[in-house]
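Enquirer: For reference, this is work10.txt, and it has compact mmCIF, C-alpha atoms.
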```txt
# COMPACT_ATOMS: atom_id res chain seq x y z
CA MET A 1 21.43 -19.32 -17.76
CA ALA A 2 21.28 -19.13 -14.00
CA GLU A 3 19.38 -16.20 -12.52
CA LYS A 4 21.42 -13.34 -11.13
CA LYS A 5 21.22 -13.12 -7.32
CA LYS A 6 19.56 -9.88 -6.23
CA LYS A 7 20.88 -7.62 -3.53
CA ARG A 8 19.34 -8.27 -0.14
CA PHE A 9 18.86 -5.75 2.61
CA ASP A 10 19.40 -7.63 5.84
CA ASN A 11 22.14 -8.03 8.44
CA GLY A 12 21.42 -11.67 9.28
CA PRO A 13 19.02 -13.05 11.91
CA CYS A 14 18.07 -11.24 15.14
CA PRO A 15 19.62 -12.98 18.21
CA ILE A 16 16.32 -12.59 20.12
CA CYS A 17 13.55 -13.56 17.69
CA GLY A 18 15.52 -15.14 14.80
CA ARG A 19 13.95 -12.97 12.12
CA ALA A 20 15.88 -10.94 9.53
CA ILE A 21 17.26 -7.56 10.62
CA ILE A 22 16.21 -5.41 7.65
CA ASN A 23 18.80 -2.66 7.26
CA LEU A 24 16.63 -0.16 5.38
CA ASN A 25 15.82 1.69 8.61
CA TYR A 26 17.83 2.52 11.72
CA ILE A 27 19.19 -0.57 13.47
CA THR A 28 19.87 -0.51 17.18
CA LYS A 29 23.34 -1.75 18.15
CA LEU A 30 23.72 -2.87 21.76
CA ALA A 31 26.71 -2.13 24.01
CA ASP A 32 28.29 -5.54 23.26
CA GLY A 33 28.06 -4.94 19.49
CA THR A 34 25.08 -7.19 18.71
CA GLU A 35 22.32 -5.85 16.50
CA VAL A 36 18.65 -6.39 17.31
CA CYS A 37 15.61 -6.03 15.06
CA PRO A 38 13.24 -3.03 15.39
CA ASP A 39 10.31 -5.29 16.39
CA CYS A 40 12.21 -6.49 19.48
CA VAL A 41 13.31 -2.91 20.29
CA ASN A 42 9.70 -1.67 20.11
CA LYS A 43 8.70 -4.22 22.75
CA ILE A 44 10.89 -2.56 25.41
CA ARG A 45 10.83 1.01 24.09
CA VAL A 46 8.29 2.03 26.77
CA MET A 47 10.86 1.22 29.48
CA TYR A 48 13.67 3.06 27.68
CA PRO A 49 12.13 6.10 25.93
CA LEU A 50 13.97 7.60 22.98
CA SER A 51 14.91 11.28 22.88
CA TYR A 52 16.75 13.63 20.55
CA GLY A 53 19.35 16.11 21.71
CA ARG A 54 22.93 17.28 21.46
CA LYS A 55 25.76 15.33 22.99
CA LYS A 56 28.53 17.20 24.81
CA GLY A 57 30.72 19.20 22.44
CA LYS A 58 28.58 18.44 19.35
CA LYS A 59 26.36 20.80 17.42
CA LYS A 60 24.26 18.26 15.55
CA THR A 61 21.05 16.82 17.02
CA GLU A 62 21.41 13.08 17.56
CA ARG A 63 19.26 10.29 18.85
CA LEU A 64 19.88 9.51 22.51
CA ASP A 65 18.88 5.91 22.90
CA PRO A 66 19.27 4.29 26.36
CA ILE A 67 18.78 0.83 24.78
CA GLU A 68 22.19 1.17 23.12
CA ALA A 69 23.79 1.05 26.59
CA LEU A 70 22.29 -2.40 27.35
CA THR A 71 23.96 -5.75 26.76
CA LEU A 72 22.15 -8.69 25.15
CA ASP A 73 21.45 -10.35 28.52
CA GLU A 74 20.06 -7.11 29.93
CA PHE A 75 17.94 -6.71 26.80
CA ARG A 76 16.50 -10.21 27.27
CA ALA A 77 15.74 -9.47 30.93
CA ALA A 78 14.04 -6.19 29.95
CA MET A 79 11.84 -8.04 27.43
CA GLU A 80 10.54 -10.27 30.21
CA LYS A 81 9.79 -7.30 32.46
CA ALA A 82 8.13 -5.13 29.77
CA PRO A 83 4.52 -6.52 29.99
CA GLU A 84 4.54 -6.04 33.77
CA TYR A 85 5.85 -2.49 33.35
CA ILE A 86 3.03 -1.63 30.92
CA GLU A 87 0.50 -3.08 33.39
CA LYS A 88 1.87 -0.76 36.09
CA LEU A 89 1.54 2.25 33.79
CA ARG A 90 -2.04 1.26 32.89
CA ALA A 91 -2.86 0.97 36.58
CA LYS A 92 -1.22 4.34 37.33
CA TYR A 93 -3.05 6.32 34.63
CA GLY A 94 -6.18 4.15 34.30
CA ARG A 95 -6.07 4.47 30.48
CA ASN A 96 -4.90 2.47 27.46
CA ALA A 97 -2.64 5.16 25.94
CA VAL A 98 -1.09 8.32 27.40
CA TYR A 99 0.70 11.27 25.77
CA LYS A 100 2.56 13.90 27.79
CA VAL A 101 2.64 17.44 26.35
CA ASP A 102 5.99 19.28 26.56
CA GLY A 103 5.34 22.33 24.39
CA ILE A 104 2.61 24.06 22.39
CA SER A 105 2.63 26.04 19.14
CA MET A 106 -0.38 27.47 17.31
CA TYR A 107 -0.92 28.19 13.62
CA PRO A 108 -3.86 29.90 11.84
CA HIS A 109 -6.27 27.64 9.98
CA GLY A 110 -8.18 30.28 7.98
CA TRP A 111 -11.40 32.25 8.45
CA PHE A 112 -14.11 30.67 10.64
CA HIS A 113 -11.85 27.76 11.60
CA ALA A 114 -10.31 27.06 14.97
CA PRO A 115 -6.50 27.43 14.85
CA TYR A 116 -4.22 24.42 14.66
CA ILE A 117 -2.87 23.52 18.09
CA CYS A 118 0.38 21.54 17.79
CA ALA A 119 1.30 19.69 20.97
CA LYS A 120 4.92 18.54 21.13
CA GLY A 121 5.78 15.80 23.61
CA ARG A 122 6.20 12.07 24.00
CA VAL A 123 4.01 9.01 24.08
CA VAL A 124 4.31 7.42 27.53
CA PHE A 125 2.71 4.16 26.38
CA GLY A 126 0.14 2.92 23.85
CA PHE A 127 -0.62 4.00 20.29
CA PHE A 128 -2.04 7.17 18.76
CA ASP A 129 -3.24 7.37 15.16
CA ILE A 130 -4.65 10.16 13.03
CA GLY A 131 -8.43 10.44 13.49
CA ASP A 132 -8.43 8.90 16.99
CA GLU A 133 -10.89 10.27 19.55
CA VAL A 134 -8.91 11.27 22.66
CA GLU A 135 -9.38 13.21 25.88
CA VAL A 136 -7.25 16.23 26.69
CA ILE A 137 -6.88 16.57 30.46
CA HIS A 138 -6.25 20.27 31.20
CA LEU A 139 -6.23 21.26 34.89
CA GLY A 140 -7.92 17.97 35.75
CA VAL A 141 -10.87 18.52 33.38
CA PRO A 142 -11.11 16.08 30.43
CA VAL A 143 -12.23 17.52 27.05
CA ARG A 144 -12.95 15.28 24.05
CA ALA A 145 -10.96 16.03 20.90
CA LYS A 146 -10.00 14.45 17.57
CA ILE A 147 -6.40 14.12 16.34
CA VAL A 148 -5.96 15.92 13.01
CA ASP A 149 -2.34 15.02 12.36
CA ILE A 150 0.66 13.31 13.94
CA ALA A 151 4.35 13.44 13.06
CA ARG A 152 7.02 11.41 14.81
CA GLU A 153 10.58 12.63 14.86
CA TYR A 154 12.91 10.14 13.27
CA VAL A 155 16.51 10.28 12.12
CA ASN A 156 17.70 7.44 9.89
CA GLU A 157 21.22 6.05 9.46
CA LYS A 158 22.17 8.67 6.89
CA GLY A 159 21.19 11.44 9.31
CA CYS A 160 18.12 12.47 7.27
CA ASP A 161 14.86 13.34 8.94
CA ALA A 162 11.91 11.12 8.13
CA TRP A 163 8.45 11.27 9.63
CA PHE A 164 6.16 8.53 10.82
CA ARG A 165 2.57 9.66 11.02
CA ARG A 166 1.68 7.78 14.20
CA GLY A 167 2.64 7.81 17.84
CA GLU A 168 4.06 4.74 19.56
CA GLY A 169 4.93 4.19 23.21
CA GLY A 170 8.32 5.60 24.23
CA TYR A 171 8.87 7.73 21.10
CA PRO A 172 8.87 11.55 21.00
CA LEU A 173 6.45 13.34 18.66
CA LYS A 174 7.17 16.50 16.70
CA TRP A 175 3.53 17.37 16.97
CA MET A 176 0.05 16.06 17.64
CA VAL A 177 -2.33 18.47 15.93
CA PHE A 178 -5.84 19.46 17.00
CA SER A 179 -8.24 22.00 15.51
CA GLN A 180 -11.17 22.57 17.83
CA LYS A 181 -12.90 25.56 19.34
CA ASP A 182 -12.65 26.02 23.13
CA LEU A 183 -9.77 23.54 23.36
CA VAL A 184 -6.99 24.59 25.71
CA ILE A 185 -3.74 22.63 25.98
CA SER A 186 -0.71 23.68 27.96
CA PRO A 187 2.67 22.04 28.67
CA GLY A 188 2.36 19.32 31.29
CA ASP A 189 -1.16 18.27 30.21
CA LEU A 190 -2.01 14.66 29.44
CA ILE A 191 -3.73 13.40 26.30
CA VAL A 192 -5.30 10.00 26.93
CA LYS A 193 -7.11 7.32 24.95
CA GLY A 194 -9.27 4.34 25.87
CA MET B 1 0.85 -12.14 -37.33
CA GLY B 2 3.83 -14.43 -37.80
CA VAL B 3 4.65 -17.77 -36.27
CA PHE B 4 6.57 -17.81 -32.98
CA LYS B 5 7.86 -20.48 -30.59
CA CYS B 6 6.15 -20.48 -27.18
CA ALA B 7 8.78 -20.48 -24.41
CA LEU B 8 6.61 -22.57 -22.07
CA CYS B 9 5.06 -25.33 -24.20
CA GLY B 10 7.70 -25.23 -26.98
CA ASN B 11 5.11 -25.36 -29.81
CA GLU B 12 5.07 -23.08 -32.81
CA CYS B 13 2.06 -20.83 -32.33
CA ARG B 14 0.21 -18.05 -34.15
CA GLY B 15 -1.95 -15.20 -32.94
CA ARG B 16 -1.74 -13.11 -29.82
CA ARG B 17 1.37 -13.39 -27.68
CA TRP B 18 2.40 -12.29 -24.18
CA THR B 19 5.90 -11.64 -22.94
CA VAL B 20 7.50 -12.60 -19.62
CA LYS B 21 10.79 -11.48 -18.06
CA GLY B 22 13.64 -11.54 -20.56
CA GLY B 23 11.31 -10.91 -23.53
CA LYS B 24 10.32 -14.61 -23.92
CA LYS B 25 7.02 -15.08 -25.71
CA ILE B 26 4.06 -17.05 -24.36
CA CYS B 27 1.09 -18.31 -26.41
CA ALA B 28 -2.59 -17.68 -25.59
CA GLU B 29 -3.21 -21.19 -24.21
CA CYS B 30 -0.24 -21.04 -21.87
CA SER B 31 -1.22 -17.55 -20.69
CA LYS B 32 -4.63 -18.94 -19.63
CA LYS B 33 -2.78 -21.63 -17.65
CA LEU B 34 -0.69 -18.95 -15.94
CA ASP B 35 -3.74 -16.80 -15.21
CA LYS B 36 -5.13 -19.62 -13.05
CA GLU B 37 -2.07 -19.49 -10.79
CA TRP B 38 -1.11 -15.81 -10.66
CA LYS B 39 -2.28 -12.36 -11.73
CA TYR B 40 -0.93 -11.04 -15.05
CA SER B 41 1.05 -8.35 -13.20
CA GLU B 42 2.83 -11.12 -11.24
CA TRP B 43 3.60 -13.70 -13.93
CA SER B 44 4.69 -11.14 -16.51
CA LYS B 45 7.64 -10.28 -14.21
CA MET B 46 8.66 -13.92 -13.59
CA SER B 47 11.46 -15.67 -15.44
CA ILE B 48 10.57 -18.61 -17.67
CA SER B 49 12.79 -20.98 -15.63
CA ARG B 50 10.84 -20.15 -12.46
CA ILE B 51 7.51 -20.75 -14.21
CA LYS B 52 8.76 -24.06 -15.62
CA THR B 53 10.00 -25.21 -12.18
CA PHE B 54 6.60 -24.40 -10.68
CA PHE B 55 4.70 -26.43 -13.28
CA ASP B 56 7.21 -29.31 -13.09
CA GLU B 57 6.72 -29.48 -9.31
CA LYS B 58 2.95 -29.33 -9.75
CA GLU B 59 3.06 -32.22 -12.24
CA LEU B 60 5.25 -34.21 -9.88
CA ILE B 61 2.82 -33.63 -7.00
CA ALA B 62 -0.15 -34.68 -9.16
CA SER B 63 1.69 -37.83 -10.32
CA HIS B 64 2.52 -38.85 -6.72
CA GLY B 65 -1.08 -38.64 -5.51
CA THR B 66 -0.15 -39.47 -1.90
CA CYS B 67 2.25 -38.02 0.67
CA SER B 68 5.61 -39.86 0.58
CA PHE B 69 5.88 -39.67 4.38
CA CYS B 70 2.41 -40.12 5.94
CA GLY B 71 0.65 -41.69 2.94
CA CYS B 72 -2.40 -39.40 2.97
CA ARG B 73 -4.06 -38.23 -0.27
CA ILE B 74 -2.57 -35.01 -1.63
CA ASP B 75 -4.71 -32.21 -3.02
CA PRO B 76 -2.69 -31.11 -6.10
CA ASP B 77 -4.18 -27.59 -6.01
CA SER B 78 -3.11 -26.96 -2.40
CA ALA B 79 -0.28 -24.43 -2.01
CA ASN B 80 1.10 -26.16 1.10
CA ASN B 81 2.49 -29.30 -0.56
CA MET B 82 6.25 -29.43 -0.92
CA VAL B 83 8.75 -31.21 -3.16
CA LEU B 84 11.90 -32.24 -1.28
CA SER B 85 15.43 -32.41 -2.70
CA ASP B 86 15.11 -36.17 -3.46
CA LYS B 87 11.92 -35.51 -5.53
CA SER B 88 9.64 -36.96 -2.87
CA VAL B 89 6.43 -35.06 -2.14
CA ILE B 90 5.08 -34.28 1.34
CA CYS B 91 1.62 -32.98 2.21
CA GLY B 92 0.75 -29.64 3.81
CA SER B 93 0.08 -31.08 7.27
CA CYS B 94 3.54 -32.74 7.34
CA VAL B 95 5.10 -29.39 6.31
CA GLU B 96 3.23 -27.58 9.10
CA SER B 97 4.27 -30.15 11.68
CA MET B 98 7.96 -29.39 10.90
CA ARG B 99 7.70 -25.63 10.56
CA LEU B 100 8.72 -24.86 14.17
CA ALA B 101 12.09 -26.52 13.59
CA LYS B 102 12.63 -25.01 10.12
CA PRO B 103 11.15 -21.48 10.05
CA VAL B 104 11.16 -19.39 6.88
CA PHE B 105 13.73 -16.56 6.83
CA VAL B 106 11.95 -13.54 5.34
CA THR B 107 13.98 -10.57 4.12
CA VAL B 108 13.86 -7.77 1.54
CA GLU B 109 15.50 -7.65 -1.88
CA HIS B 110 15.53 -5.41 -4.95
CA GLY B 111 12.31 -5.73 -6.88
CA PRO B 112 11.67 -4.50 -10.41
CA GLY B 113 12.86 -0.91 -10.83
CA TYR B 114 13.56 0.81 -7.56
CA GLU B 115 10.99 -1.14 -5.55
CA TYR B 116 11.72 -3.39 -2.59
CA LYS B 117 10.32 -6.90 -2.62
CA GLU B 118 9.83 -9.53 0.07
CA ALA B 119 12.14 -12.53 -0.36
CA ALA B 120 11.71 -15.77 1.56
CA ASP B 121 14.33 -18.47 2.17
CA ASP B 122 12.62 -21.73 3.03
CA PRO B 123 15.06 -24.39 4.38
CA MET B 124 12.49 -27.18 3.92
CA PRO B 125 13.02 -28.05 0.17
CA GLU B 126 16.69 -28.84 0.95
CA LEU B 127 15.65 -31.75 3.18
CA THR B 128 15.32 -35.35 2.05
CA LEU B 129 12.63 -37.85 3.01
CA GLN B 130 15.02 -39.45 5.51
CA ASP B 131 15.38 -36.12 7.36
CA VAL B 132 11.64 -35.74 7.92
CA PRO B 133 11.29 -37.91 11.08
CA TRP B 134 14.08 -36.18 13.04
CA VAL B 135 12.94 -32.70 11.96
CA GLN B 136 9.42 -33.61 13.12
CA ARG B 137 10.87 -34.80 16.44
CA GLU B 138 12.80 -31.54 16.81
CA ALA B 139 9.63 -29.55 16.08
CA ALA B 140 7.65 -31.64 18.60
CA GLU B 141 10.26 -30.94 21.31
CA GLU B 142 10.08 -27.22 20.52
CA ARG B 143 6.26 -27.40 20.70
CA GLU B 144 6.44 -29.08 24.12
CA ARG B 145 8.76 -26.30 25.33
CA ARG B 146 6.32 -23.67 24.13
CA ILE B 147 3.31 -25.42 25.68
CA GLU B 148 5.20 -25.38 29.00
CA LYS B 149 5.87 -21.65 28.59
CA TYR B 150 2.49 -20.42 27.28
CA GLY B 151 0.09 -23.16 28.43
CA SER B 152 -2.21 -25.35 26.36
CA HIS B 153 -4.33 -23.27 23.92
CA LYS B 154 -5.69 -23.68 20.40
CA ALA B 155 -3.24 -20.97 19.32
CA VAL B 156 -0.81 -18.47 20.82
CA PHE B 157 0.03 -15.25 18.97
CA ILE B 158 2.76 -12.74 19.90
CA VAL B 159 2.08 -9.12 18.91
CA ASP B 160 4.77 -7.08 17.15
CA ASP B 161 2.78 -4.06 16.06
CA VAL B 162 -0.76 -2.65 16.04
CA THR B 163 -1.74 -0.28 13.22
CA LYS B 164 -4.88 1.34 11.94
CA TYR B 165 -6.14 -0.19 8.68
CA GLN B 166 -6.30 2.69 6.23
CA LYS B 167 -8.82 1.16 3.81
CA ALA B 168 -11.62 0.70 6.35
CA ASP B 169 -13.04 2.79 9.16
CA ASP B 170 -12.48 1.55 12.68
CA ALA B 171 -10.49 -1.54 11.60
CA HIS B 172 -7.07 -2.40 12.98
CA GLN B 173 -4.38 -4.84 11.95
CA ILE B 174 -2.40 -6.71 14.58
CA TYR B 175 0.92 -7.86 13.16
CA GLY B 176 2.81 -10.67 14.81
CA ARG B 177 3.54 -14.36 14.64
CA VAL B 178 1.89 -17.57 15.70
CA VAL B 179 4.11 -19.43 18.14
CA LEU B 180 1.72 -22.30 18.77
CA GLY B 181 -1.31 -23.85 17.02
CA ARG B 182 -3.27 -22.22 14.24
CA ILE B 183 -5.48 -19.13 13.91
CA ASP B 184 -8.50 -19.16 11.60
CA LYS B 185 -10.93 -16.46 10.53
CA GLY B 186 -13.63 -16.03 13.21
CA ASP B 187 -11.43 -17.11 16.14
CA THR B 188 -11.66 -15.10 19.35
CA LEU B 189 -8.40 -13.57 20.53
CA ARG B 190 -8.04 -13.10 24.28
CA VAL B 191 -5.64 -10.94 26.20
CA ARG B 192 -5.43 -10.87 29.99
CA ARG B 193 -5.08 -7.57 31.84
CA ARG B 194 -5.21 -6.72 35.52
CA GLU B 195 -8.83 -5.56 35.33
CA GLY B 196 -10.01 -8.59 33.38
CA GLU B 197 -10.00 -10.26 30.00
CA TYR B 198 -10.45 -8.49 26.64
CA ARG B 199 -11.73 -10.34 23.57
CA LYS B 200 -11.60 -9.59 19.86
CA VAL B 201 -12.85 -11.63 16.90
CA VAL B 202 -10.53 -12.08 13.90
CA ASP B 203 -12.32 -10.58 10.89
CA TRP B 204 -9.88 -11.82 8.30
CA ILE B 205 -6.27 -12.85 7.97
CA ASP B 206 -3.58 -11.23 5.83
CA PRO B 207 -0.54 -13.55 5.63
CA GLN B 208 2.95 -12.69 4.39
CA GLU B 209 3.68 -12.29 0.69
CA PHE B 210 5.26 -15.75 0.20
CA ASN B 211 2.33 -17.39 2.01
CA LYS B 212 -0.37 -15.31 0.28
CA LYS B 213 -2.67 -18.21 -0.62
CA ALA B 214 -3.01 -19.42 2.98
CA ARG B 215 -6.45 -19.07 4.55
CA TYR B 216 -5.17 -19.43 8.09
CA LEU B 217 -2.00 -18.73 10.07
CA SER B 218 -0.26 -21.75 11.50
CA GLU B 219 2.67 -21.97 13.90
CA GLY B 220 5.93 -20.52 12.65
CA TYR B 221 4.23 -18.09 10.26
CA GLU B 222 3.66 -14.35 10.55
CA GLY B 223 0.84 -12.14 9.37
CA ASN B 224 -1.77 -9.49 10.07
CA LEU B 225 -4.94 -10.28 11.99
CA MET B 226 -7.69 -7.81 11.07
CA VAL B 227 -10.09 -6.86 13.87
CA GLN B 228 -12.91 -4.34 14.13
CA GLY B 229 -13.19 -1.69 16.81
CA ASP B 230 -10.86 -0.33 19.45
CA VAL B 231 -7.68 -2.30 20.18
CA SER B 232 -5.87 0.30 22.28
CA PHE B 233 -5.46 -2.29 25.06
CA ILE B 234 -3.07 -4.37 22.92
CA TYR B 235 0.66 -3.52 22.98
CA PRO B 236 3.78 -4.94 21.28
CA GLY B 237 4.98 -8.03 23.10
CA ASP B 238 1.50 -9.07 24.28
CA VAL B 239 0.58 -12.74 24.17
CA LEU B 240 -2.84 -13.30 22.59
CA THR B 241 -4.44 -16.71 23.01
CA VAL B 242 -7.21 -18.56 21.17
CA GLU B 243 -9.06 -21.09 23.28
CA LYS B 244 -10.11 -24.57 22.23
CA ILE B 245 -13.86 -24.99 21.69
```
Can I see the file as structure tokens?

Expert:
Amino acid sequence: MAEKKKKRFDNGPCPICGRAIINLNYITKLADGTEVCPDCVNKIRVMYPLSYGRKKGKKKTERLDPIEALTLDEFRAAMEKAPEYIEKLRAKYGRNAVYKVDGISMYPHGWFHAPYICAKGRVVFGFFDIGDEVEVIHLGVPVRAKIVDIAREYVNEKGCDAWFRRGEGGYPLKWMVFSQKDLVISPGDLIVKG
Amino acid sequence: MGVFKCALCGNECRGRRWTVKGGKKICAECSKKLDKEWKYSEWSKMSISRIKTFFDEKELIASHGTCSFCGCRIDPDSANNMVLSDKSVICGSCVESMRLAKPVFVTVEHGPGYEYKEAADDPMPELTLQDVPWVQREAAEERERRIEKYGSHKAVFIVDDVTKYQKADDAHQIYGRVVLGRIDKGDTLRVRRREGEYRKVVDWIDPQEFNKKARYLSEGYEGNLMVQGDVSFIYPGDVLTVEKI
């Protein structure tokens, strides 16, 4: 008896890299209707940062993705420019990864522990992982700190929230958590690595 | 313990028995044969027809002895050999030389239960021996194009993602694909930045699921390169090169 064919989770090959577009996560659809794989999108995400907000006349929070306004030709052109763009950012900040703080919230951590400082914001470029040693630049003074936790905001196709526990260039973070005595972070500060 | 018919060898056997997918029974001798190829957790979920096809192909490769195209001696235990649609056998190096023209399409399918499993569609077994020369020519043209674009190196690797390796401290995995040449364990990856050149040594290689037995990554394949230390200077889309020694 012939084997039953199993259900596959892909929308055909990506027009840029030729690999399968796995449809288990959110798939970016360009302005001309073509779909591109998440790996290709991540390569230009630094140039077109993702944000979440409400569109006019709607109550629900949605993802506001500037990549969806590009055509396939524009996408290809952006992919060629992306390495140069990252070089410019590296030259501007002089670091390998930069995080910009937009808001701060604090939570108690228990007796004799420094409180949790949750810094909301977005990764300008580079990667941040849990346990990374970073520098918090507050009023021009760098202070060494260790990342306790990270949660990336993410809304999948069904509209459910899911969290990635790492920060990638161009994506907003729900929080980057620190727990350290004498650490001061305020909106507008930079958190840098490397 | 009663007598049962082994689904693989077809003999009537006694003693301990193992079951594969569909409840088919396997004798102790055949289970030892399967253990050499896969783990028990893998072969117990395979169908008997898939296992039989694998051993038939292996027998065919061993009976050929030499590559039908280039004539070199074939190692029957190598995972890279391939049986074509006209039952001719080609060696691993011939397969690798054609891979740029016929890449593997890797996707995801339903695994056992509610799991997701990697599924790979390889267009190569559908070829015949007569197709091999023109596919090789196509791959060579593609290689020339890539050499023009990236320059002449031992290997060129394009980064898709950089993640921290959870099982070891201070280790990172760089996921991406080899567009040119071949990357071995111990190779030095180089990336050029404005301020200079960064280097990282490949600690070990973690290929894709369908290519699990490979000890190196050759052109057209994807996988993780494990490196020690800080890799914060590597970003998605970077071109890493390995120089010829």

Enquirer: Using all atoms listed in the file, find each residue of chain A with at least one atom at most 6 Å away from an atom of chain B; report its shortest atom-to-atom pair and that distance in Å (one decimal), sort the rows by chain and rising residue number, and return the result as a tab-separated table.

Expert:
```
residue	atom	partner	partner_atom	distance
A:Lys7	CA	B:Glu109	CA	5.6
A:Arg8	CA	B:Glu109	CA	4.3
A:Phe9	CA	B:Val108	CA	5.5
A:Ala20	CA	B:Thr107	CA	5.7
A:Asp39	CA	B:Asp160	CA	5.9
A:Lys43	CA	B:Pro236	CA	5.2
A:Asn96	CA	B:Phe233	CA	5.4
```

Enquirer: Need the shell around Tyr93 (chain A): protein/DNA/RNA residues with any atom at most 12 Å away, counting all atoms listed in the file. Skip same-chain ones fewer than 4 positions apart. Format as a ChimeraX atom specification?

Expert: /A:86-89,97-100,124-126,137,190-194

Enquirer: What's around region 14-21 of chain B at 8 Å? Count all atoms listed in the file, leave out sequence neighbours fewer than 4 positions away in its own chain, and write the answer as number ranges by chain.

Expert: B: 1-4, 25-28, 31, 43-48

Enquirer: One number please: CA of Gln166 (chain B) to CA of Asp206 (chain B), in Å, one decimal.

Expert: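 So the answer is 14.2 Å.
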
Enquirer: Could you pull the residues within 7 Å of Lys213 (chain B), counting only C-alpha atoms, minus those fewer than 2 positions along the same chain, as a PDB file with C-alpha atoms, in the frame of the given file?

Expert:
```
ATOM      1  CA  ALA B  79      -0.280 -24.430  -2.010  1.00  0.00           C
ATOM      2  CA  ASN B 211       2.330 -17.390   2.010  1.00  0.00           C
ATOM      3  CA  ARG B 215      -6.450 -19.070   4.550  1.00  0.00           C
TER       4      ARG B 215
END
```

Enquirer: May I have the centre and edge lengths, in Å to one decimal, of an axis-aligned box around the listed atoms of region 20-36 of chain A with 3 Å added to every side, as AutoDock Vina command-line options?

Expert:
```
--center_x 22.1 --center_y -4.2 --center_z 14.7 --size_x 18.5 --size_y 19.5 --size_z 24.6
```
